[in-house]
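**Student:** Take a look at this one; I'll ask things after.
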Amino acid sequence: MVTDMMEWEKNVRKVEPYVPGEQPKSTEVIKLNTNECPYPPAPGVRRRAEGFDYDRLRLYPDTEAGELADALCAYYRISPEQLFIGVGSDDVLAMAFQTFFNSGKPVLFPDVTYSFYDVWAELFRIPYVRKPLDGDFRIVKEDYMVENGGIIIPNPNAPTGVFEEVGVMEEIIAANPDSVVIIDEAYVDFGGESCLKLIGKYDNFLVVQTFSKSRAMAGMRIGFAMGSPKLIGYLKDVKFAFNSYTMNAPSIELGAESVKDAEYFRNTVNKIMRTRERVKKELSELGFVFPDSKANFIFASHEKTAAKVIFEELKKRNIFVRFWDKPRIDNYLRITVGTDEQMDILLENLKEIIAMQTVVERSIKSDD
C-alpha cells in the first residue's frame with residue numbers, strides 16, 4: 001500500500017547506496033567476490049591479539065593512532081605530518097570528499113570504477129562527471145586536463161585491474177594545480193608502482209591505501225592517506241570535528257604488527273601474484289579475455305558464454321564471483337585470486353560450465 005510522504009521525510013537526504021559483494025552465511029563456499037586476501041595476517045598479529053589486555057577496552061583509544069602511525073611512517077619513510085589514518089580506506093576517502101571537493105565544480109572519475117565514488121558525491125551533494133575509459137579500459141589522460149573541482153582515480157583500477165604508469169598519473173596531477181587529485185591505491189601492492197614519491201612534489205596530491213587487501217586485515221578496517229602536510233592537516237581538522245576516536249585500540253596495535261613484518265607481507269603478495277599469472281594463462285586457454293590485471297583479481301569475459309550464466313552456475317556450485325549488470329561491463333566477471341587450491345576448483349568448474357553451455361547451444365542450433 002502506497003502512502004503519502006510524511007512531512008519529515010521531505011527533509012531526508014536520499015541516496016542510492018553502495019551495493020557490496022554478497023557475503024554468504026555458509027562457510028562451505030569458495031568466496032572470490034570481494035577481493036579479500038586468502039591468507040591470514042602476519043603471525044605477529046595473532047600473537048599480539050592473544051596478548052591483548054581486554055581491560056583496556058574501557059579506555060578511549062589514542063586519537064593519533066600513535067603506534068600504528070609510527071610503524072607506517074617508518075615503512076613508507078614519511079613524516080607523521082604526511083600521514084592520515086582512518087577506519088578503512090572508505091572512511092579516508094569519504095573524509096577527503098567532504099574536505100576537498102567543495103568548489104561547486106564537478107569532480108572527475110572514470111565511468112568504470114569503484115562504485116562508491118558516485119555514492120559519496122551524491123551523499124555530499126558534490127557534482128561529478130564520469131570520464132569514459134577507452135576500449136581497453138584505460139584512462140584517457142586528456143579527459144582530466146579540463147576545469148574541475150577535483151579528481152579521483154583508482155590505480156590499479158577496480159574492477160578492471162588495469163594499472164596506469166606513474167608518469168601518466170603525474171601528467172594529470174601537474175595539469176591540475178588548482179584542485180586536489182587523489183589516487184586510490186587499494187591494489188597497488190600486487191604489481192603496480194605507487195605514486196607515493198610524488199607527494200613531496202605536489203601539495204595538492206593525496207595517495208590512499210588500505211590494509212584490507214594485501215595486508216589481509218579487511219575485518220579490522222584500517223586505511224590511510226599520504227600527502228603534503230597541508231593536505232593532511234585539513235583532513236585531520238575535519239576528522240577531529242567529526243569524531244576524534246575513530247580508530248579502535250585493537251586495530252591500532254594489530255595494524256602496527258602487520259606493518260612490522262615486511263617479509264611476511266612480501267611473501268603473501270608474491271604468492272597471490274604467482275597464482276594470478278598462472279590463472280590468467282588457464283583462463284585464456286578456456287576462451288576468456290581480460291585486461292592485464294595488476295590487482296588481486298581478474299576481470300574476465302568469455303568469448304562465447306555470457307557472464308551472467310557463468311555467475312549463476314558458479315553460485316549453484318557454492319563458488320562466488322562478482323557480476324554487475326551495468327553498461328560496458330555486463331559481460332564481465334571479477335574473480336578474486338584465492339589460494340591455488342581454490343583457483344583449481346574454480347577452473348575445473350568453469351571447464352564444466354563452458355562445456356555444458358556449448359552442448360546446449362549446439363542443441364538449440366540443431367533444433368533450428
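Chain lettering (A, B, ...) mirrors the order of the C-alpha cells, residue numbering begins at 1 for each chain separately, and ligand numbering begins at 1 in order of display.
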Find the residues around A:Glu313 up to 12 Å (only C-alpha atoms counted), leave out those fewer than 3 positions away in its own chain, and share them as a tab-separated table (two decimals) with N, CA and C atoms, in the first residue's frame.
**Tutor:**
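Final output, out.tsv:
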```tsv
chain	number	residue	atom	x	y	z
A	305	THR	N	30.32	-17.74	-23.79
A	305	THR	CA	29.34	-17.94	-22.72
A	305	THR	C	29.13	-16.66	-21.93
A	306	ALA	N	27.88	-16.26	-21.74
A	306	ALA	CA	27.55	-15.00	-21.07
A	306	ALA	C	28.01	-15.01	-19.62
A	307	ALA	N	28.47	-13.87	-19.17
A	307	ALA	CA	28.97	-13.73	-17.80
A	307	ALA	C	27.88	-14.07	-16.79
A	308	LYS	N	26.67	-13.63	-17.03
A	308	LYS	CA	25.58	-13.88	-16.08
A	308	LYS	C	25.32	-15.37	-15.93
A	309	VAL	N	25.40	-16.10	-17.03
A	309	VAL	CA	25.21	-17.56	-16.99
A	309	VAL	C	26.29	-18.21	-16.14
A	310	ILE	N	27.54	-17.81	-16.38
A	310	ILE	CA	28.65	-18.38	-15.61
A	310	ILE	C	28.50	-18.03	-14.13
A	316	LYS	N	25.55	-21.76	-7.96
A	316	LYS	CA	24.89	-23.03	-7.65
A	316	LYS	C	25.88	-24.04	-7.08
A	317	ARG	N	27.14	-23.87	-7.46
A	317	ARG	CA	28.20	-24.77	-7.01
A	317	ARG	C	28.94	-24.22	-5.79
A	318	ASN	N	28.38	-23.18	-5.16
A	318	ASN	CA	28.97	-22.54	-3.98
A	318	ASN	C	30.31	-21.87	-4.27
A	319	ILE	N	30.44	-21.33	-5.47
A	319	ILE	CA	31.60	-20.52	-5.83
A	319	ILE	C	31.09	-19.12	-6.17
A	320	PHE	N	31.53	-18.14	-5.40
A	320	PHE	CA	31.03	-16.78	-5.55
A	320	PHE	C	32.06	-15.90	-6.25
A	321	VAL	N	31.65	-15.29	-7.35
A	321	VAL	CA	32.45	-14.26	-8.03
A	321	VAL	C	31.56	-13.02	-8.14
A	346	LEU	N	37.88	-23.63	-9.00
A	346	LEU	CA	37.19	-22.70	-9.89
A	346	LEU	C	37.39	-23.09	-11.35
A	349	ASN	N	35.45	-26.13	-12.48
A	349	ASN	CA	34.03	-25.84	-12.63
A	349	ASN	C	33.76	-24.98	-13.86
A	350	LEU	N	34.66	-24.06	-14.16
A	350	LEU	CA	34.49	-23.26	-15.36
A	350	LEU	C	34.55	-24.14	-16.61
A	351	LYS	N	35.44	-25.10	-16.62
A	351	LYS	CA	35.52	-26.04	-17.76
A	351	LYS	C	34.19	-26.76	-17.95
A	352	GLU	N	33.61	-27.23	-16.85
A	352	GLU	CA	32.35	-27.95	-16.92
A	352	GLU	C	31.22	-27.05	-17.40
A	353	ILE	N	31.16	-25.83	-16.88
A	353	ILE	CA	30.08	-24.90	-17.25
A	353	ILE	C	30.17	-24.52	-18.72
A	354	ILE	N	31.37	-24.23	-19.20
A	354	ILE	CA	31.55	-23.85	-20.59
A	354	ILE	C	31.22	-25.02	-21.52
A	356	MET	N	29.17	-27.47	-20.82
A	356	MET	CA	27.72	-27.66	-20.73
A	356	MET	C	26.99	-26.66	-21.63
A	357	GLN	N	27.43	-25.39	-21.60
A	357	GLN	CA	26.80	-24.37	-22.41
A	357	GLN	C	27.02	-24.61	-23.90
```
**Student:** From a backbone DSSP assignment, name each residue in stretch 95-129 of chain A labelled strand (DSSP E or B), as a ChimeraX atom specification.
**Tutor:** /A:107-110,128-129
**Student:** Looking at A:Lys315, A:Met343, A:Ser244, A:Pro229, which one is nearest to A:Glu282, with distances taken over only C-alpha atoms?
**Tutor:**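 Nearest to A:Glu282: A:Met343.
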**Student:** Rank nothing, just name the residue among A:Arg221, A:Arg56, A:Arg47, A:Lys213 nearest to A:Thr336, using only C-alpha atoms.
**Tutor:**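 Result for the nearest residue to A:Thr336: A:Lys213.
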**Student:** Determine, counting only C-alpha atoms, which protein, DNA and RNA residues have an atom within 8 Å of an atom of A:Val166; residues of the same chain fewer than 2 positions away are not included. Present the result as a list in words.
**Tutor:**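 Near neighbours after the sequence-gap exclusion: Glu164, Val168, Met169, Glu170, Glu193, Ser194 and Cys195 of chain A.
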**Student:** Env of A:Glu67: 12 Å cut, atoms = only C-alpha atoms, seq-sep filter 2 positions within chain, self excluded. Answer as a PDB file with C-alpha atoms, in the first residue's frame.
**Tutor:**
```pdb
ATOM      1  CA  PRO A  61      41.977   4.822  22.125  1.00  0.00           C
ATOM      2  CA  ASP A  62      44.869   7.045  21.073  1.00  0.00           C
ATOM      3  CA  THR A  63      43.378   9.729  18.828  1.00  0.00           C
ATOM      4  CA  GLU A  64      46.579   9.872  16.784  1.00  0.00           C
ATOM      5  CA  ALA A  65      46.856   6.044  16.499  1.00  0.00           C
ATOM      6  CA  ALA A  69      51.359   5.789  12.701  1.00  0.00           C
ATOM      7  CA  ASP A  70      54.945   5.197  13.797  1.00  0.00           C
ATOM      8  CA  ALA A  71      55.044   1.842  12.014  1.00  0.00           C
ATOM      9  CA  LEU A  72      53.603   3.292   8.793  1.00  0.00           C
ATOM     10  CA  CYS A  73      55.946   6.291   8.844  1.00  0.00           C
ATOM     11  CA  ALA A  74      58.946   4.012   9.273  1.00  0.00           C
ATOM     12  CA  PRO A  80      53.772  11.973  10.818  1.00  0.00           C
ATOM     13  CA  ILE A  85      44.734   7.162   9.348  1.00  0.00           C
ATOM     14  CA  MET A 247      40.343   4.064  15.272  1.00  0.00           C
ATOM     15  CA  ALA A 249      42.677   0.173  20.180  1.00  0.00           C
ATOM     16  CA  PRO A 250      42.952  -3.399  18.786  1.00  0.00           C
ATOM     17  CA  SER A 251      43.139  -2.072  15.211  1.00  0.00           C
ATOM     18  CA  ILE A 252      45.954   0.296  16.168  1.00  0.00           C
ATOM     19  CA  GLU A 253      48.056  -2.420  17.806  1.00  0.00           C
ATOM     20  CA  LEU A 254      47.348  -5.249  15.351  1.00  0.00           C
ATOM     21  CA  GLY A 255      47.816  -2.945  12.372  1.00  0.00           C
ATOM     22  CA  ALA A 256      51.230  -1.953  13.677  1.00  0.00           C
ATOM     23  CA  GLU A 257      52.234  -5.603  13.987  1.00  0.00           C
ATOM     24  CA  SER A 258      51.214  -6.221  10.391  1.00  0.00           C
ATOM     25  CA  VAL A 259      53.430  -3.406   9.101  1.00  0.00           C
ATOM     26  CA  LYS A 260      56.437  -4.595  11.122  1.00  0.00           C
TER      27      LYS A 260
END
```
**Student:** From the options A:Glu285, A:Asp178, A:Glu9, A:Glu303, which residue's atoms come nearest to A:Phe101, counting only C-alpha atoms?
**Tutor:**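 Ranking A:Glu285, A:Asp178, A:Glu9, A:Glu303 by distance to A:Phe101, first place goes to A:Asp178.
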**Student:** Find the nearest atom pair between each residue of stretch 228-323 of chain A and stretch 35-39 of chain A for residues within 10 Å, count only C-alpha atoms, give distances in Å to one decimal, sort rows by chain and ascending number, and present the table as CSV.
**Tutor:**
```
residue,atom,partner,partner_atom,distance
A:Thr268,CA,A:Tyr39,CA,7.2
A:Val269,CA,A:Cys37,CA,9.1
A:Lys271,CA,A:Tyr39,CA,9.5
A:Ile272,CA,A:Cys37,CA,8.4
A:Ala295,CA,A:Asn35,CA,9.1
A:Asn296,CA,A:Asn35,CA,6.6
A:Phe297,CA,A:Asn35,CA,6.6
A:Val321,CA,A:Asn35,CA,9.5
A:Arg322,CA,A:Asn35,CA,9.5
```
**Student:** Write out as a PyMOL selection string the set of residues from stretch 140-220 of chain A that DSSP, computed on the backbone, places in helix (DSSP H, G or I).
**Tutor:** chain A and resi 141-144+166-174+188-190+196-198+218-220
**Student:** Skipping near chain neighbours, those fewer than 6 positions away, what residues fall within 6 Å of A:Val207 using only C-alpha atoms, listed as a list in words?
**Tutor:** Ile182, Ile183, Ala225 and Met226 of chain A
**Student:** How many Å separate atom CA of A:Ser293 from atom CA of A:Tyr187?
**Tutor:**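 Between atom CA of A:Ser293 and atom CA of A:Tyr187 the gap works out to 10.1 Å.
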